[in-house]
file run34.txt (compact mmCIF, C-alpha atoms and all ligand atoms)
# COMPACT_ATOMS: atom_id res chain seq x y z
CA MET A 1 -5.41 -9.08 -22.25
CA ILE A 2 -4.75 -5.39 -21.71
CA GLU A 3 -2.77 -4.69 -18.55
CA LYS A 4 -3.85 -1.30 -17.37
CA SER A 5 -4.23 -1.87 -13.68
CA LEU A 6 -2.37 -0.50 -10.69
CA ILE A 7 -1.21 -3.53 -8.72
CA ASP A 8 2.10 -2.21 -7.38
CA LEU A 9 3.35 1.38 -7.58
CA TYR A 10 6.59 -0.11 -8.90
CA ASP A 11 4.74 -0.72 -12.21
CA LEU A 12 4.78 3.03 -12.87
CA GLU A 13 7.77 4.94 -14.22
CA LEU A 14 9.24 7.30 -11.63
CA ASN A 15 8.33 10.17 -13.89
CA ASP A 16 4.66 9.10 -13.83
CA ILE A 17 4.70 8.89 -10.03
CA GLU A 18 6.08 12.43 -9.90
CA LYS A 19 3.34 13.61 -12.28
CA LEU A 20 0.69 12.01 -10.07
CA ILE A 21 2.13 13.74 -6.99
CA ASP A 22 2.06 17.10 -8.78
CA LEU A 23 -1.50 16.51 -9.94
CA ALA A 24 -2.63 15.52 -6.42
CA LEU A 25 -1.14 18.72 -4.98
CA LYS A 26 -2.73 20.79 -7.76
CA ILE A 27 -6.12 19.23 -7.03
CA LYS A 28 -5.62 19.93 -3.31
CA LYS A 29 -5.16 23.63 -4.08
CA ASN A 30 -8.12 23.91 -6.40
CA PRO A 31 -10.48 20.89 -6.14
CA GLU A 32 -13.46 22.65 -7.81
CA LYS A 33 -11.62 22.69 -11.10
CA TYR A 34 -11.79 18.88 -11.23
CA MET A 35 -15.43 18.40 -10.23
CA ASP A 36 -16.53 17.10 -13.64
CA TYR A 37 -13.44 15.14 -14.66
CA CYS A 38 -15.13 11.76 -14.22
CA HIS A 39 -18.67 12.73 -15.12
CA GLY A 40 -20.54 9.68 -16.42
CA LYS A 41 -17.99 7.20 -15.06
CA ILE A 42 -18.65 4.51 -12.47
CA MET A 43 -16.20 3.10 -9.97
CA ALA A 44 -16.81 -0.21 -8.18
CA THR A 45 -15.29 -0.68 -4.73
CA LEU A 46 -14.99 -4.32 -3.69
CA PHE A 47 -13.88 -4.44 -0.08
CA TYR A 48 -13.46 -7.99 1.22
CA GLU A 49 -11.67 -6.59 4.30
CA PRO A 50 -12.50 -3.73 6.73
CA SER A 51 -11.43 -0.23 5.72
CA THR A 52 -12.20 3.34 6.74
CA ARG A 53 -9.75 5.70 5.05
CA THR A 54 -9.00 3.78 1.89
CA GLN A 55 -12.61 2.97 1.09
CA MET A 56 -14.04 6.36 2.03
CA SER A 57 -11.27 8.33 0.34
CA PHE A 58 -11.73 6.35 -2.87
CA LYS A 59 -15.49 6.89 -2.80
CA THR A 60 -15.17 10.57 -1.93
CA ALA A 61 -12.49 11.01 -4.59
CA MET A 62 -14.80 9.61 -7.28
CA LEU A 63 -17.79 11.67 -6.07
CA ARG A 64 -15.67 14.84 -6.00
CA LEU A 65 -14.63 14.12 -9.58
CA GLY A 66 -18.29 13.95 -10.61
CA GLY A 67 -18.39 10.16 -11.02
CA GLN A 68 -20.51 7.55 -9.25
CA VAL A 69 -19.79 4.58 -7.05
CA ILE A 70 -21.15 1.03 -6.63
CA GLY A 71 -19.82 -1.94 -4.68
CA PHE A 72 -19.77 -3.74 -1.34
CA ASP A 73 -17.86 -3.39 1.90
CA ASP A 74 -18.98 -6.64 3.41
CA PRO A 75 -18.73 -9.66 1.11
CA LYS A 76 -21.41 -11.35 3.27
CA ASN A 77 -23.92 -9.06 1.54
CA SER A 78 -22.85 -10.20 -1.94
CA SER A 79 -22.84 -13.50 -3.80
CA VAL A 80 -19.40 -14.17 -2.34
CA ALA A 81 -21.37 -15.44 0.68
CA LYS A 82 -23.00 -18.04 -1.59
CA GLY A 83 -19.57 -19.29 -2.63
CA GLU A 84 -18.96 -17.32 -5.82
CA ASN A 85 -15.30 -17.33 -6.81
CA LEU A 86 -13.17 -14.23 -7.39
CA LYS A 87 -13.05 -14.72 -11.15
CA ASP A 88 -16.84 -14.69 -11.54
CA THR A 89 -17.38 -11.75 -9.18
CA ILE A 90 -14.75 -9.67 -10.93
CA LYS A 91 -16.05 -10.48 -14.43
CA ILE A 92 -19.52 -9.31 -13.40
CA PHE A 93 -18.31 -6.03 -11.90
CA ALA A 94 -16.18 -5.40 -14.99
CA ASN A 95 -19.45 -5.27 -16.99
CA TYR A 96 -20.90 -2.63 -14.70
CA ALA A 97 -18.00 -0.32 -13.84
CA ASP A 98 -15.29 1.66 -15.64
CA ILE A 99 -12.73 1.12 -12.91
CA ILE A 100 -12.55 -1.35 -10.02
CA VAL A 101 -10.94 -0.90 -6.60
CA ILE A 102 -10.33 -4.10 -4.67
CA ARG A 103 -9.14 -4.92 -1.14
CA HIS A 104 -8.77 -8.54 -0.07
CA PRO A 105 -7.15 -10.46 2.80
CA PHE A 106 -5.22 -12.76 0.45
CA GLU A 107 -1.90 -11.68 -1.07
CA GLY A 108 -1.90 -11.21 -4.84
CA THR A 109 -5.69 -10.86 -5.23
CA ALA A 110 -5.66 -7.62 -7.24
CA PHE A 111 -3.14 -9.13 -9.63
CA ALA A 112 -5.23 -12.32 -9.92
CA ALA A 113 -8.37 -10.26 -10.64
CA SER A 114 -6.55 -8.25 -13.32
CA GLN A 115 -5.90 -11.47 -15.24
CA PHE A 116 -9.56 -11.89 -16.16
CA ILE A 117 -10.78 -8.48 -17.32
CA ASP A 118 -9.89 -5.44 -19.43
CA THR A 119 -11.35 -2.96 -16.93
CA PRO A 120 -8.57 -1.27 -14.94
CA ILE A 121 -8.15 -2.48 -11.37
CA ILE A 122 -6.62 -0.65 -8.44
CA ASN A 123 -5.07 -2.65 -5.62
CA ALA A 124 -6.40 -1.16 -2.37
CA GLY A 125 -4.45 -3.64 -0.25
CA ASP A 126 -3.87 -7.38 -0.76
CA GLY A 127 -3.31 -9.11 2.57
CA GLY A 128 0.08 -8.31 4.08
CA HIS A 129 1.60 -7.76 0.64
CA MET A 130 1.21 -4.32 -1.00
CA HIS A 131 -0.79 -1.10 -0.69
CA PRO A 132 0.20 1.13 -3.62
CA THR A 133 -2.38 3.88 -3.10
CA GLN A 134 -1.32 4.33 0.52
CA THR A 135 2.20 4.80 -0.81
CA LEU A 136 0.96 7.36 -3.30
CA THR A 137 -0.64 9.15 -0.34
CA ASP A 138 2.64 8.88 1.57
CA VAL A 139 4.80 10.29 -1.22
CA VAL A 140 2.36 13.19 -1.76
CA THR A 141 2.70 13.92 1.99
CA LEU A 142 6.50 13.59 1.95
CA LYS A 143 6.80 15.87 -1.08
CA SER A 144 4.58 18.52 0.42
CA GLU A 145 6.06 18.34 3.95
CA LYS A 146 9.75 17.77 3.20
CA GLY A 147 9.94 19.26 -0.31
CA ARG A 148 11.88 16.27 -1.63
CA LEU A 149 11.76 12.48 -2.01
CA ASP A 150 15.51 11.85 -1.95
CA ASN A 151 18.26 12.11 0.67
CA LEU A 152 15.88 11.16 3.46
CA LYS A 153 16.55 9.13 6.59
CA ILE A 154 13.36 7.17 7.05
CA GLY A 155 12.52 5.25 10.22
CA LEU A 156 9.93 2.49 9.79
CA CYS A 157 8.55 1.14 13.04
CA GLY A 158 6.17 -1.66 14.03
CA ASP A 159 4.96 -4.69 12.09
CA MET A 160 7.34 -4.91 9.15
CA LEU A 161 6.34 -8.46 8.30
CA ASN A 162 2.60 -7.97 7.83
CA GLY A 163 2.43 -4.24 7.21
CA ARG A 164 1.67 -3.86 3.51
CA THR A 165 2.07 -0.08 3.61
CA VAL A 166 5.76 -0.33 4.49
CA HIS A 167 6.46 -2.90 1.77
CA SER A 168 5.03 -0.59 -0.88
CA LEU A 169 6.71 2.46 0.64
CA ILE A 170 10.14 0.82 0.71
CA LYS A 171 9.85 -0.29 -2.94
CA THR A 172 8.94 3.22 -4.05
CA MET A 173 11.28 5.26 -1.85
CA SER A 174 14.19 2.95 -2.80
CA ARG A 175 13.92 4.35 -6.32
CA PHE A 176 14.85 7.87 -5.23
CA GLU A 177 18.51 8.78 -4.64
CA ASN A 178 20.21 8.22 -1.35
CA ASN A 179 17.33 7.33 0.95
CA THR A 180 18.29 5.31 4.04
CA PHE A 181 15.91 3.10 5.98
CA PHE A 182 16.05 2.43 9.73
CA VAL A 183 13.83 -0.56 10.33
CA ILE A 184 12.64 -0.71 13.94
CA SER A 185 10.90 -3.99 14.77
CA ALA A 186 10.97 -7.21 16.75
CA LYS A 187 12.90 -10.04 15.06
CA GLU A 188 9.68 -12.03 14.56
CA LEU A 189 8.15 -9.11 12.64
CA ALA A 190 11.13 -8.26 10.42
CA LEU A 191 10.60 -7.52 6.72
CA PRO A 192 9.61 -10.40 4.41
CA GLU A 193 12.41 -12.01 2.43
CA TYR A 194 11.27 -10.56 -0.92
CA VAL A 195 11.42 -6.98 0.39
CA GLU A 196 14.92 -7.53 1.81
CA ASP A 197 16.02 -9.20 -1.47
CA PHE A 198 14.64 -6.22 -3.38
CA MET A 199 16.70 -3.78 -1.28
CA LYS A 200 19.87 -5.89 -1.36
CA GLU A 201 19.74 -6.28 -5.15
CA ARG A 202 19.62 -2.50 -5.50
CA ASN A 203 22.17 -1.73 -2.77
CA VAL A 204 19.60 0.22 -0.79
CA LYS A 205 20.93 1.26 2.62
CA PHE A 206 18.96 -0.22 5.53
CA THR A 207 19.68 -1.20 9.12
CA TYR A 208 17.61 -2.97 11.75
CA SER A 209 17.18 -1.59 15.20
CA ASP A 210 15.21 -2.80 18.20
CA ALA A 211 14.55 0.56 19.86
CA ILE A 212 13.12 3.85 18.60
CA GLU A 213 15.62 5.72 20.81
CA ASP A 214 18.56 4.21 18.88
CA CYS A 215 17.90 6.21 15.72
CA ILE A 216 15.18 8.81 16.29
CA GLY A 217 17.71 11.64 16.58
CA ASP A 218 18.96 11.00 13.01
CA LEU A 219 15.61 10.71 11.26
CA ASP A 220 13.85 13.03 8.80
CA VAL A 221 10.72 10.88 8.88
CA LEU A 222 9.37 8.38 11.39
CA TYR A 223 6.72 6.13 9.84
CA MET A 224 4.86 4.32 12.62
CA THR A 225 2.61 1.30 11.98
CA ARG A 226 0.30 -0.82 14.10
CA ILE A 227 0.84 -4.50 14.84
CA GLN A 228 -1.45 -6.20 12.29
CA LYS A 229 -3.61 -8.26 14.67
CA GLU A 230 -5.69 -9.87 11.91
CA ARG A 231 -2.63 -11.42 10.22
CA PHE A 232 -1.53 -13.42 13.29
CA ASP A 233 -2.30 -17.12 13.64
CA SER A 234 -3.33 -16.73 17.29
CA GLU A 235 -4.31 -14.09 19.84
CA GLU A 236 -1.37 -15.21 22.04
CA GLU A 237 1.18 -14.48 19.32
CA TYR A 238 -0.37 -11.04 18.82
CA GLN A 239 -0.29 -10.32 22.57
CA LYS A 240 3.46 -11.08 22.61
CA GLN A 241 4.12 -8.38 20.01
CA LYS A 242 1.59 -5.77 21.10
CA GLY A 243 2.89 -2.63 22.81
CA LEU A 244 6.61 -3.32 22.21
CA PHE A 245 7.19 -0.10 20.25
CA ILE A 246 5.47 3.02 21.48
CA LEU A 247 6.38 6.55 20.45
CA THR A 248 6.20 8.66 23.61
CA LYS A 249 6.64 12.39 24.18
CA ASP A 250 9.80 11.55 26.05
CA LYS A 251 11.35 9.69 23.09
CA LEU A 252 10.24 12.48 20.77
CA LYS A 253 12.45 14.94 22.70
CA GLN A 254 15.48 13.42 20.96
CA ALA A 255 14.02 13.99 17.46
CA LYS A 256 14.94 16.86 15.17
CA ASP A 257 12.54 19.82 15.08
CA ASP A 258 11.72 19.12 11.46
CA MET A 259 11.33 15.33 11.70
CA ILE A 260 7.81 14.40 10.64
CA ILE A 261 5.74 11.58 12.09
CA MET A 262 3.63 9.61 9.64
CA HIS A 263 1.20 6.71 10.12
CA PRO A 264 -1.15 5.09 7.58
CA LEU A 265 -3.78 4.79 10.37
CA PRO A 266 -5.63 3.28 12.14
CA LYS A 267 -3.29 3.77 15.11
CA ILE A 268 -3.94 1.71 18.20
CA ASP A 269 -1.45 2.31 21.03
CA GLU A 270 1.84 2.87 19.18
CA ILE A 271 1.73 6.68 19.42
CA GLU A 272 1.00 8.44 22.72
CA ILE A 273 -2.22 10.41 22.22
CA ASP A 274 -0.73 13.77 23.27
CA ILE A 275 1.60 13.57 20.28
CA ASP A 276 -1.41 14.24 18.01
CA ASP A 277 -1.02 17.92 18.99
CA ASP A 278 2.71 18.07 18.19
CA GLU A 279 3.22 19.96 14.95
CA ARG A 280 5.51 17.20 13.68
CA ALA A 281 2.57 14.75 13.66
CA LYS A 282 1.38 14.69 10.06
CA TYR A 283 -0.86 11.63 10.00
CA PHE A 284 -4.18 13.43 9.82
CA GLU A 285 -2.91 15.61 6.99
CA GLN A 286 -1.58 12.40 5.39
CA ALA A 287 -5.08 10.87 5.50
CA LYS A 288 -6.49 14.02 3.88
CA ASN A 289 -3.85 13.83 1.15
CA GLY A 290 -5.08 10.29 0.47
CA MET A 291 -8.23 11.68 -1.09
CA TYR A 292 -6.31 14.01 -3.42
CA ALA A 293 -3.82 11.27 -4.30
CA ARG A 294 -6.72 8.99 -5.27
CA MET A 295 -8.44 11.75 -7.23
CA ALA A 296 -5.23 12.17 -9.23
CA LEU A 297 -4.90 8.43 -9.79
CA ILE A 298 -8.52 7.86 -10.88
CA THR A 299 -8.39 10.81 -13.28
CA LYS A 300 -5.18 9.54 -14.78
CA MET A 301 -6.30 5.93 -15.09
CA LEU A 302 -9.61 6.81 -16.71
CA LYS A 303 -8.09 9.27 -19.16
CA THR A 304 -4.96 7.49 -20.29
CA ASP A 305 -4.17 3.88 -20.94
CA GLN A 306 -1.45 2.84 -18.62
CA TYR A 307 0.27 -0.45 -19.23
CA ARG A 308 1.82 -2.76 -16.70
CA PRO A 309 4.94 -4.53 -17.84
CA VAL A 310 4.14 -8.21 -18.44
CA ASN A 311 7.24 -9.71 -16.88
CA TYR A 312 5.83 -12.98 -15.58
CA LYS A 313 5.64 -16.45 -17.06
CA ASN A 314 3.93 -19.76 -16.46
CA SER A 315 5.50 -22.18 -14.06
CA GLU A 316 5.13 -25.82 -13.06
CA ILE A 317 5.72 -24.95 -9.44
CA LYS A 318 2.95 -23.84 -7.14
CA CYS A 319 3.43 -20.97 -4.69
CA ASN A 320 3.69 -22.38 -1.16
CA ASN A 321 2.70 -19.21 0.70
CA PRO A 322 -0.58 -20.21 2.43
CA LYS A 323 -1.68 -16.54 2.35
CA CYS A 324 -1.30 -16.33 -1.44
CA ILE A 325 -4.54 -16.09 -3.42
CA THR A 326 -3.42 -19.06 -5.58
CA ASN A 327 -3.92 -21.25 -2.53
CA LYS A 328 -7.49 -20.06 -2.08
CA GLU A 329 -8.64 -19.77 -5.69
CA THR A 330 -6.95 -22.92 -6.90
CA TYR A 331 -7.93 -22.54 -10.59
CA LEU A 332 -5.40 -19.69 -10.94
CA GLU A 333 -2.38 -20.39 -13.14
CA ASN A 334 1.06 -20.62 -11.52
CA LEU A 335 2.94 -17.50 -12.63
CA VAL A 336 6.46 -16.46 -11.66
CA VAL A 337 8.81 -13.53 -12.08
CA THR A 338 12.57 -14.02 -12.08
CA ASN A 339 15.51 -11.72 -11.42
CA GLY A 340 17.87 -14.11 -13.21
CA LYS A 341 18.85 -15.80 -9.94
CA ASP A 342 15.68 -16.54 -8.00
CA LYS A 343 12.02 -17.06 -8.84
CA TYR A 344 9.20 -15.20 -7.08
CA CYS A 345 5.45 -15.77 -7.24
CA ALA A 346 3.91 -13.17 -9.61
CA TYR A 347 0.89 -12.84 -7.30
CA CYS A 348 2.40 -12.46 -3.80
CA ASP A 349 6.16 -12.07 -4.47
CA SER A 350 7.11 -14.99 -2.17
CA LYS A 351 10.35 -16.68 -3.15
CA ILE A 352 9.60 -19.98 -4.88
CA LYS A 353 11.66 -22.64 -3.11
C1 LIG B 401 -3.50 0.43 6.37
C2 LIG B 401 -3.91 -0.88 5.69
O1 LIG B 401 -5.08 -1.16 5.51
O2 LIG B 401 -2.97 -1.60 5.34
N1 LIG B 401 -4.58 1.31 6.52
C3 LIG B 401 -4.91 2.13 5.50
O3 LIG B 401 -5.18 1.69 4.41
N2 LIG B 401 -4.83 3.44 5.73
C4 LIG B 401 -2.75 0.24 7.61
C5 LIG B 401 -3.29 -0.65 8.66
O4 LIG B 401 -4.40 -1.19 8.59
O5 LIG B 401 -2.56 -0.82 9.65
call {"tool": "encode", "arguments": {"input": "run34.txt", "output": "structure tokens"}}
result
Amino acid sequence: MIEKSLIDLYDLELNDIEKLIDLALKIKKNPEKYMDYCHGKIMATLFYEPSTRTQMSFKTAMLRLGGQVIGFDDPKNSSVAKGENLKDTIKIFANYADIIVIRHPFEGTAFAASQFIDTPIINAGDGGHMHPTQTLTDVVTLKSEKGRLDNLKIGLCGDMLNGRTVHSLIKTMSRFENNTFFVISAKELALPEYVEDFMKERNVKFTYSDAIEDCIGDLDVLYMTRIQKERFDSEEEYQKQKGLFILTKDKLKQAKDDMIIMHPLPKIDEIEIDIDDDERAKYFEQAKNGMYARMALITKMLKTDQYRPVNYKNSEIKCNNPKCITNKETYLENLVVTNGKDKYCAYCDSKIK
């Protein structure tokens, strides 16, 4: 099986990430030059979960590159509604398309799908796990707004447990020199164990805080996120967490003049609306960059063979994360990755206990 999918941005060499950022910014300056780059190619977008920016920016990216798009955004309108499993759906789309973009509520789905086909797959978000193309968007924005990806003090605020964008962002930004993370969240929504283990193993500097005011004055970047309602077991639990962290104009007074505010969007109530007009608010520009980042990625993936490291092996032990795709599609093999000390599920990264 050829592994040429993008499941986690960590699969790419740092050098390749930097090349993608440069390409995205080049495309942004002169998009017409790229209008035929994917002529004759077809992209399938399989969205098993709601999406505005990711889905539309992927589709627009492919259309602007001269390619075409097929797919679904509501699995109820496909054979999934009749009970078709992931493996069959993905094998069918692999016959029709040159590249597949998939978003799914279960963790590890893009990786699972990549096990069955040779067609490259892009992970457009797998449950509360990872969101590599949002991170690509974020690093393009950071590079163009701050001029660097190292020596940054990055505040991450909101739902750290279920927010896939922050998991991907931490993994990528940890690879650049001397970045420090200020994690602002309620205890119940702290980072998952595998993200903390990842940072600890690499001696990445991070501290927890329970108020934006505690650290905003030190930050170069404040990355706000929404509380991920759809990942909670009950409405009551969501209500307990909702509205705890709100960026107000008053709090923003303590921030540096060149601190930028980012957000993957959609934002709900975590940023006061008036802040949209503050010149430090970069989230709409960030969303625009998402299209150029995806144009760069599609071009690259269709032109060059990119190989994921195969660093996982079979295991006797089943992953016990109920949100892992292996617990939904039970025919999937048990696969694990090890760091020499602990074992993690190759699909969802949960520690195998
Ligand atoms: C994010 C996602 O889907 O994880 N949105 C996006 O892709 N821009 C963030 C979110 O839904 O909160």
call {"tool": "atom_distance", "arguments": {"input": "run34.txt", "atom1": "CA of Thr133 (chain A)", "atom2": "CA of Arg280 (chain A)"}}
result
22.8 Å
call {"tool": "atom_distance", "arguments": {"input": "run34.txt", "atom1": "CA of Met130 (chain A)", "atom2": "CA of Ser57 (chain A)"}}
result
17.8 Å
call {"tool": "atom_distance", "arguments": {"input": "run34.txt", "atom1": "CA of Glu329 (chain A)", "atom2": "CA of Phe106 (chain A)"}}
result
9.9 Å
call {"tool": "residues_near_ligand", "arguments": {"input": "run34.txt", "ligand": "ligand LIG 401 (chain B)", "cutoff": "10 Å", "atoms": "all atoms listed in the file", "output": "ChimeraX atom specification"}}
result
/A:49-55,57,103-105,124-135,137,158-159,162-166,224-230,263-268,286-287,290
call {"tool": "residues_around", "arguments": {"input": "run34.txt", "residues": "Lys242 (chain A)", "least_positions_apart": "2", "cutoff": "9 Å", "atoms": "only C-alpha atoms", "output": "VMD selection string"}}
result
chain A and resid 226 to 227 229 237 to 240 244 to 245 269 to 270
call {"tool": "write_last_selection", "arguments": {"input": "run34.txt", "atoms": "C-alpha atoms", "output": "PDB file, keeping the file's coordinate frame"}}
result
ATOM      1  CA  ARG A 226       0.300  -0.820  14.100  1.00  0.00           C
ATOM      2  CA  ILE A 227       0.840  -4.500  14.840  1.00  0.00           C
ATOM      3  CA  LYS A 229      -3.610  -8.260  14.670  1.00  0.00           C
ATOM      4  CA  GLU A 237       1.180 -14.480  19.320  1.00  0.00           C
ATOM      5  CA  TYR A 238      -0.370 -11.040  18.820  1.00  0.00           C
ATOM      6  CA  GLN A 239      -0.290 -10.320  22.570  1.00  0.00           C
ATOM      7  CA  LYS A 240       3.460 -11.080  22.610  1.00  0.00           C
ATOM      8  CA  LEU A 244       6.610  -3.320  22.210  1.00  0.00           C
ATOM      9  CA  PHE A 245       7.190  -0.100  20.250  1.00  0.00           C
ATOM     10  CA  ASP A 269      -1.450   2.310  21.030  1.00  0.00           C
ATOM     11  CA  GLU A 270       1.840   2.870  19.180  1.00  0.00           C
TER      12      GLU A 270
END
call {"tool": "residues_near_point", "arguments": {"input": "run34.txt", "point": "(-5.4, -15.0, -8.4)", "cutoff": "12 Å", "atoms": "all atoms listed in the file", "output": "ChimeraX atom specification"}}
result
/A:85-88,90,104,106-116,126,319,323-335,345-348
call {"tool": "closest_atom_pairs", "arguments": {"input": "run34.txt", "of": "region 246-315 of chain A", "to": "region 30-42 of chain A", "cutoff": "12 Å", "atoms": "all atoms listed in the file", "output": "Markdown table"}}
result
| residue | atom | partner | partner_atom | distance |
| --- | --- | --- | --- | --- |
| A:Met291 | CA | A:Pro31 | CA | 10.7 |
| A:Tyr292 | CA | A:Pro31 | CA | 8.5 |
| A:Ala293 | CA | A:Pro31 | CA | 11.8 |
| A:Met295 | CA | A:Tyr34 | CA | 8.8 |
| A:Ala296 | CA | A:Tyr34 | CA | 9.6 |
| A:Leu297 | CA | A:Cys38 | CA | 11.6 |
| A:Ile298 | CA | A:Cys38 | CA | 8.4 |
| A:Thr299 | CA | A:Tyr37 | CA | 6.8 |
| A:Lys300 | CA | A:Tyr37 | CA | 10.0 |
| A:Met301 | CA | A:Cys38 | CA | 10.6 |
| A:Leu302 | CA | A:Cys38 | CA | 7.8 |
| A:Lys303 | CA | A:Cys38 | CA | 9.0 |
call {"tool": "closest_residue", "arguments": {"input": "run34.txt", "among": "A:Glu18, A:Glu193, A:Glu285, A:Asp258", "to": "Asp220 (chain A)", "atoms": "all atoms listed in the file"}}
result
A:Asp258
call {"tool": "residues_around", "arguments": {"input": "run34.txt", "residues": "Phe206 (chain A)", "least_positions_apart": "5", "cutoff": "7 Å", "atoms": "only C-alpha atoms", "output": "ChimeraX atom specification"}}
result
/A:180-182
call {"tool": "residues_around", "arguments": {"input": "run34.txt", "residues": "region 170-176 of chain A", "least_positions_apart": "3", "cutoff": "8 Å", "atoms": "only C-alpha atoms", "output": "JSON, numbers by chain"}}
result
{"A": [9, 10, 14, 135, 149, 150, 166, 167, 179, 195, 198, 199, 204]}
call {"tool": "closest_atom_pairs", "arguments": {"input": "run34.txt", "of": "region 102-165 of chain A", "to": "region 212-219 of chain A", "cutoff": "8 Å", "atoms": "only C-alpha atoms", "output": "tab-separated table"}}
result
residue	atom	partner	partner_atom	distance
A:Leu152	CA	A:Leu219	CA	7.8
A:Lys153	CA	A:Leu219	CA	5.0
A:Ile154	CA	A:Leu219	CA	5.9
A:Gly155	CA	A:Leu219	CA	6.4
A:Cys157	CA	A:Ile212	CA	7.7
